[in-house]
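Novice: Sharing a structure here in structure tokens format.
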Amino acid sequence: MRQRPAHPLDEHEPPTRAFARTWAQRLHEVSFVPRRLGRTIPLLEDLTARLAAALTGDEPDPAAGRWAGTALVEAQLWSPAALRVSVELIHERLRGDLGITHPGSAERLGSLLGAFTEAFAEGVRAVALTETDDLRRHERASAQRAVLRAEQQRQHALLHDQVSGLPNRHALTDHLTALAARSDRVAVCVLNLVRFAEISDALGTDQADALLREVGLRMRDLTDTHGHYAAHLGGDEFVLVQAGTRGPDDAVKLFDLVRESLAYPWGPAASPVQLDAKGGLLERPAAGATASELLRTAKMALTWAKSDPVGSSAMFEQHRHDADRRRHTLSRDLPGAVRRGTLRLAYQPIVRLTDRRVVAVEALARWRHPQHGEIAPAEFIPLAERIGLLNHLIGAQLRTAGRHALQWQRPGRPVRLNLNLSTAQLTDQSLPAIVGEALDETGFPPDLLTFEVTEESITAPQASTLAALAALGASFAVDDFGTGYSNFARLHEVSRTAVASLKIDRSLLASSDVLLTTLVTLAHGLRLHAVAEGVETEEQAAHVRKLGYDHAQGILFGPPTVAEEVPALL
Amino acid sequence: MSLPDWAPAGVDTTVPNSARVYDYALGGYHNFAVDREFAERAMQAWPGIGRVAYANRAYLGRAVEWLVDAGVRQFLDIGSGIPTLGNVHEVAQALAPDSKVMYVDVDEVAVMHSEAILAGNPRAAAVQGDLRKPQEILANPRVQELLDLGQPVAVLLVAVLHFIGDEDGPAGIVRELGDALVGGSYVAVSHFTRTTGLDSEQDQVTKLYDQTPTSVRARTPQQVAEILGGLELVPPGVVPATAWHPDPEVDEPEQPAVLAAVGRKPVVS
């Protein structure tokens, strides 16, 4: 412990110290004294001695007054009240207490106090100005920092997902752009959480966000452990990027890592949520790839993965993508083509083998796409089906073909009109009405109308549509017979009502005579015409005729042709 | 001194700040008009409050001197506020030049100001930190750099705990700080308390503080002792600040509105 200071009432205390003690106590009464008095008193004692010396020295010394004024301010004894008690004390008691009797000391005291107060005021002013300046400067700097920080936060918010805190699409784009410039190859894995909408509905929004944060954390772990880059596109879509890959296998490994990290369940032990993701993968040279292209193609692969009921991921492949794009373009353009009537019909004759007379023409839909050229019905019919255009199509075809075929009829030489109907068309309950309307409009006799349908169509349960069409007077030909799934019981059943012929598929032409004969026997047994498809040579024509076929179709008798060319064939 | 209800940390010179008000009350210059106006209103409401502020600040000085005498050479002053008269490093380093002082305040201006004042003092520094997050303060690299937590540290929580609501768990905060320190470390606190006969004055001042970002709450000596729960109270225990190891040179009236206490973490042998 420090030595206790001398007791205030110590009789042997020198007068300088006693004065200083009184001064300190007066200061303490009126203002805050930043130190213990025991540590303030020695300072004041020194000042007291200097002031006394200035009063008793050979020459007046106002510098001692200045010294004391400055020293008080430096000791932070700088309040106005401190100045007041100091001046009072020095003026009233300094000379008396210290026993100063020097002649002229009374006159010197005035200028000494003048110098003291001036220095005190100067010191206070300097402190006030400096400290105020400092405070303002720091306040401004702090405000600038706050602005800067707000700006950084804004930047961060712009570049990060609000829920998971992972980089968002903008940040990802920047990252991919930078990667494309400096990496050889790159893998991008776009992830979609399986059943997230369902989980979100069950858990509520807050929990769903918590789940997304959890997935974000696991992604971040991957980035920390493996140096990959993770981003959150929003909702349940995340992206993982790996630079410097060596081939598609690396993208697969990347996805495996993700599934591994998602493998352990999330949430309370009582009702854990099993996480899983589907992945769209892409691995390619980085050079020349734009960020948006990388992301778009990986997302393309994700849609493949999502539509795959078995697999969890799909790798982007250009040819599959091209097919997708072609399908997309055709789907986009098909409605316009149907509306504008740019879908044309081509007609191919079907002849009776005994005399080569044209007994029917098959109307074939043709679509020449401005970009992709001639599109086969096999390609665009399913598209039309998917976008709900089929009925519109059959109505338009029947009207056009009906008007043409009416002109080809001669007394005693009826020419049947064959139109193709897909399975999908046959499932539509409104088909009979559409057909009936077109027939009414054109006046084409229904009993000259044959719908070519697949084996599948007549075996599937579309009896009501078939029956309704039959009731209009139309009959059916089973197209491509022998290549599909045959249900003879059903065939037998429908043959009694409306089926008029079996068109034996061209691929069977090269089969053994036993098979071909059997098919003819089957057709005739059911009282159906047997039609040979794809007859190209006279040898083939002679052969099928010998086997008992009734009719034939093929380029030998004429390729599909425009309506104007048909009369010449009749 | 200022505690943060006012995130984001920035300066709002249109709102009085308790640290700057305190500075003005002590005669300092680190304050704005709004702080001076607030201080004048407080002094009008409770004329003796200036002396309460002196008593609190004088206690800080005496506590630091006492701690230096007890051998402590490391100080962690949390809620240090705007540097004002009688700063910890000035007191400590005057007695023991090797004393190290880490100032922590939540107010960025206070920290910047402290940094400017401490420039060139290798044993004193200031960082931004929130008393309500003691782990973050202890983990701050600059704190770790300056202080050796393997040696005793005196944590100073002077006139700051009364800005911490019960919901923020002042006892838990002190416990967390204590847990991080070695035996032989200290926690020095001072805290506003209600006194008899000044109800109206203290009510008015409390209401004034309710208008600032840092409302103030009184706690009883018992509650203050509980906050220091896990520590050994250094005699004389929880007492009015003026009665905690008083300056023998000074014969001044007791200031019962501010309580002071120092707790010591026992050395496990």
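The chains in the structure tokens are called A, B, ... from first to last as shown; in each chain the residues are counted from 1, and the ligands are counted from 1 in the order shown.
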Determine which residues of segment 74-284 of chain A receive a DSSP assignment of helix (DSSP H, G or I), computed from the backbone, and state them as an MDAnalysis selection string.
Specialist: chainID A and resid 74 80:98 105:159 169:182 196:203 205:226 248:262
Novice: Which residues of chain B come within 9 Å of chain A, and what is each one's closest atom pair and distance in Å (one decimal), counting only C-alpha atoms, sorted by chain and residue number, as a Markdown table?
Specialist:
```
| residue | atom | partner | partner_atom | distance |
| --- | --- | --- | --- | --- |
| B:Pro8 | CA | A:Ala146 | CA | 8.1 |
| B:Ala9 | CA | A:Ala146 | CA | 7.2 |
| B:Gly10 | CA | A:Ala146 | CA | 5.6 |
| B:Val11 | CA | A:Ala143 | CA | 6.1 |
| B:Asp12 | CA | A:Ala143 | CA | 8.7 |
| B:Thr13 | CA | A:Glu139 | CA | 8.6 |
| B:Ala25 | CA | A:Phe32 | CA | 8.9 |
| B:Leu26 | CA | A:Phe32 | CA | 6.0 |
| B:Gly27 | CA | A:Ser79 | CA | 6.3 |
| B:Gly28 | CA | A:Ala128 | CA | 8.5 |
| B:Tyr29 | CA | A:Ala128 | CA | 5.9 |
| B:His30 | CA | A:Leu135 | CA | 6.1 |
| B:Asn31 | CA | A:Leu135 | CA | 7.7 |
| B:Phe32 | CA | A:Thr132 | CA | 8.8 |
| B:Gly50 | CA | A:Phe32 | CA | 8.9 |
| B:Arg51 | CA | A:Phe32 | CA | 8.2 |
| B:Ala53 | CA | A:Phe32 | CA | 8.7 |
| B:Tyr54 | CA | A:Phe32 | CA | 5.5 |
| B:Ala55 | CA | A:Phe32 | CA | 8.6 |
| B:Arg57 | CA | A:Pro34 | CA | 7.7 |
| B:Ala58 | CA | A:Pro34 | CA | 6.8 |
| B:Gly61 | CA | A:Arg35 | CA | 6.6 |
| B:Arg62 | CA | A:Arg36 | CA | 7.2 |
| B:Trp66 | CA | A:Met1 | CA | 8.6 |
| B:Asp69 | CA | A:Met1 | CA | 6.3 |
| B:Ala70 | CA | A:Met1 | CA | 8.5 |
| B:Leu85 | CA | A:Pro34 | CA | 5.7 |
| B:Gly86 | CA | A:Pro34 | CA | 4.5 |
| B:Asn87 | CA | A:Pro34 | CA | 8.3 |
| B:Val91 | CA | A:Arg35 | CA | 7.5 |
| B:Glu108 | CA | A:Ser142 | CA | 6.5 |
| B:Val109 | CA | A:Glu139 | CA | 5.7 |
| B:Ala110 | CA | A:His138 | CA | 8.4 |
| B:Met112 | CA | A:His138 | CA | 6.2 |
| B:His113 | CA | A:His138 | CA | 6.3 |
| B:Ala116 | CA | A:Asp134 | CA | 8.5 |
| B:Asp247 | CA | A:Arg36 | CA | 6.5 |
| B:Pro248 | CA | A:Pro5 | CA | 8.0 |
| B:Glu249 | CA | A:Leu37 | CA | 6.0 |
| B:Val250 | CA | A:Gln25 | CA | 7.0 |
| B:Asp251 | CA | A:Gln25 | CA | 8.6 |
| B:Glu252 | CA | A:Glu29 | CA | 8.2 |
```
Novice: Using only C-alpha atoms, which protein or nucleic acid residues come within 12 Å of Gly229 of chain B? Drop anything in the same chain fewer than 2 positions from it, and give the result as a list of chain:residue names.
Specialist: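 Skipping anything fewer than 2 positions along the chain leaves B:Pro170, B:Ala171, B:Gly172, B:Ile173, B:Val174, B:Arg175, B:Glu176, B:Gly178, B:Val187, B:Gln222, B:Gln223, B:Val224, B:Ala225, B:Glu226, B:Ile227, B:Leu231, B:Glu232, B:Leu233, B:Val238, B:Ala261, B:Val262, B:Gly263, B:Arg264, B:Lys265.
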Novice: Can you list, as a PyMOL selection string, every residue of segment 327-496 of chain A that DSSP puts in strand (DSSP E)?
Specialist: chain A and resi 343-352+358-369+373-375+416-420+449-454+475-481
Novice: How many Å separate atom CA of Glu564 of chain A from atom CA of Asp333 of chain A?
Specialist: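 These atoms are spaced 27.0 Å apart.
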Novice: Neighbouring residues of Val101 of chain B were defined as those with any atom within 9 Å, considering only C-alpha atoms; residues of the same chain fewer than 4 positions away were excluded. Please report them as a ChimeraX atom specification.
Specialist: /B:73-77,88-89,92-93,123-126,146-147
Novice: With C-alpha atoms retained, could you export that selection as a compact mmCIF listing (two decimals), in the first residue's frame?
Specialist:
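So the final result, stored in out_20.txt, reads:
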```txt
# COMPACT_ATOMS: atom_id res chain seq x y z
CA ARG B 73 -1.60 -4.83 -14.66
CA GLN B 74 -4.36 -5.58 -17.18
CA PHE B 75 -7.66 -3.71 -17.43
CA LEU B 76 -10.67 -4.40 -19.60
CA ASP B 77 -12.92 -1.35 -19.37
CA VAL B 88 -8.29 4.40 -16.76
CA HIS B 89 -5.02 4.29 -18.66
CA ALA B 92 -3.15 3.06 -14.12
CA GLN B 93 -0.11 3.97 -16.16
CA ARG B 123 -0.36 -0.50 -23.92
CA ALA B 124 -3.81 0.94 -24.45
CA ALA B 125 -6.35 0.42 -27.21
CA ALA B 126 -10.05 0.67 -27.91
CA LEU B 146 -3.26 -6.69 -25.97
CA LEU B 147 -4.37 -8.68 -22.96
```
Novice: Nearest to Ala19 of chain B among B:Ala180, B:Ala45, B:Val106, B:Ala243, with distances taken over only C-alpha atoms: which residue is it?
Specialist: B:Val106
Novice: So what do you get for atom CA of Pro370 of chain A versus atom CA of Arg332 of chain A, distance-wise?
Specialist: 12.7 Å
Novice: Using only C-alpha atoms, which residues sit within 12 Å of Gly341 of chain A once same-chain residues fewer than 2 positions away are excluded, as a count of residues only?
Specialist: 20
Novice: Need the shell around Pro446 of chain A: protein/DNA/RNA residues with any atom at most 9 Å away, counting only C-alpha atoms. Skip same-chain ones fewer than 6 positions apart. Format as a ChimeraX atom specification?
Specialist: /A:436,439,472-475
Novice: Selection from above, all heavy atoms, as a PDB file, in the first residue's frame, can you write it?
Specialist:
```pdb
ATOM      1  N   GLY A 436     -68.554 -35.273 -87.457  1.00  0.00           N
ATOM      2  CA  GLY A 436     -69.902 -35.110 -88.019  1.00  0.00           C
ATOM      3  C   GLY A 436     -70.082 -33.725 -88.628  1.00  0.00           C
ATOM      4  O   GLY A 436     -70.613 -33.574 -89.728  1.00  0.00           O
ATOM      5  N   LEU A 439     -68.198 -33.433 -91.894  1.00  0.00           N
ATOM      6  CA  LEU A 439     -68.894 -34.181 -92.955  1.00  0.00           C
ATOM      7  C   LEU A 439     -70.106 -33.395 -93.456  1.00  0.00           C
ATOM      8  O   LEU A 439     -70.338 -33.276 -94.663  1.00  0.00           O
ATOM      9  CB  LEU A 439     -69.332 -35.553 -92.430  1.00  0.00           C
ATOM     10  CG  LEU A 439     -68.201 -36.564 -92.205  1.00  0.00           C
ATOM     11  CD1 LEU A 439     -68.730 -37.847 -91.549  1.00  0.00           C
ATOM     12  CD2 LEU A 439     -67.491 -36.900 -93.527  1.00  0.00           C
ATOM     13  N   LEU A 472     -71.712 -42.905 -87.458  1.00  0.00           N
ATOM     14  CA  LEU A 472     -71.809 -41.858 -88.491  1.00  0.00           C
ATOM     15  C   LEU A 472     -71.755 -42.469 -89.876  1.00  0.00           C
ATOM     16  O   LEU A 472     -72.073 -41.816 -90.857  1.00  0.00           O
ATOM     17  CB  LEU A 472     -70.646 -40.860 -88.339  1.00  0.00           C
ATOM     18  CG  LEU A 472     -70.657 -39.934 -87.116  1.00  0.00           C
ATOM     19  CD1 LEU A 472     -69.345 -39.150 -87.054  1.00  0.00           C
ATOM     20  CD2 LEU A 472     -71.817 -38.964 -87.210  1.00  0.00           C
ATOM     21  N   GLY A 473     -71.263 -43.741 -89.936  1.00  0.00           N
ATOM     22  CA  GLY A 473     -71.153 -44.417 -91.221  1.00  0.00           C
ATOM     23  C   GLY A 473     -69.729 -44.687 -91.632  1.00  0.00           C
ATOM     24  O   GLY A 473     -69.470 -45.330 -92.642  1.00  0.00           O
ATOM     25  N   ALA A 474     -68.755 -44.190 -90.844  1.00  0.00           N
ATOM     26  CA  ALA A 474     -67.357 -44.366 -91.201  1.00  0.00           C
ATOM     27  C   ALA A 474     -66.898 -45.780 -90.864  1.00  0.00           C
ATOM     28  O   ALA A 474     -67.486 -46.440 -90.013  1.00  0.00           O
ATOM     29  CB  ALA A 474     -66.499 -43.365 -90.451  1.00  0.00           C
ATOM     30  N   SER A 475     -65.871 -46.235 -91.550  1.00  0.00           N
ATOM     31  CA  SER A 475     -65.301 -47.533 -91.177  1.00  0.00           C
ATOM     32  C   SER A 475     -63.829 -47.350 -90.820  1.00  0.00           C
ATOM     33  O   SER A 475     -63.266 -46.266 -90.924  1.00  0.00           O
ATOM     34  CB  SER A 475     -65.484 -48.556 -92.303  1.00  0.00           C
ATOM     35  OG  SER A 475     -65.028 -48.015 -93.516  1.00  0.00           O
TER      36      SER A 475
END
```
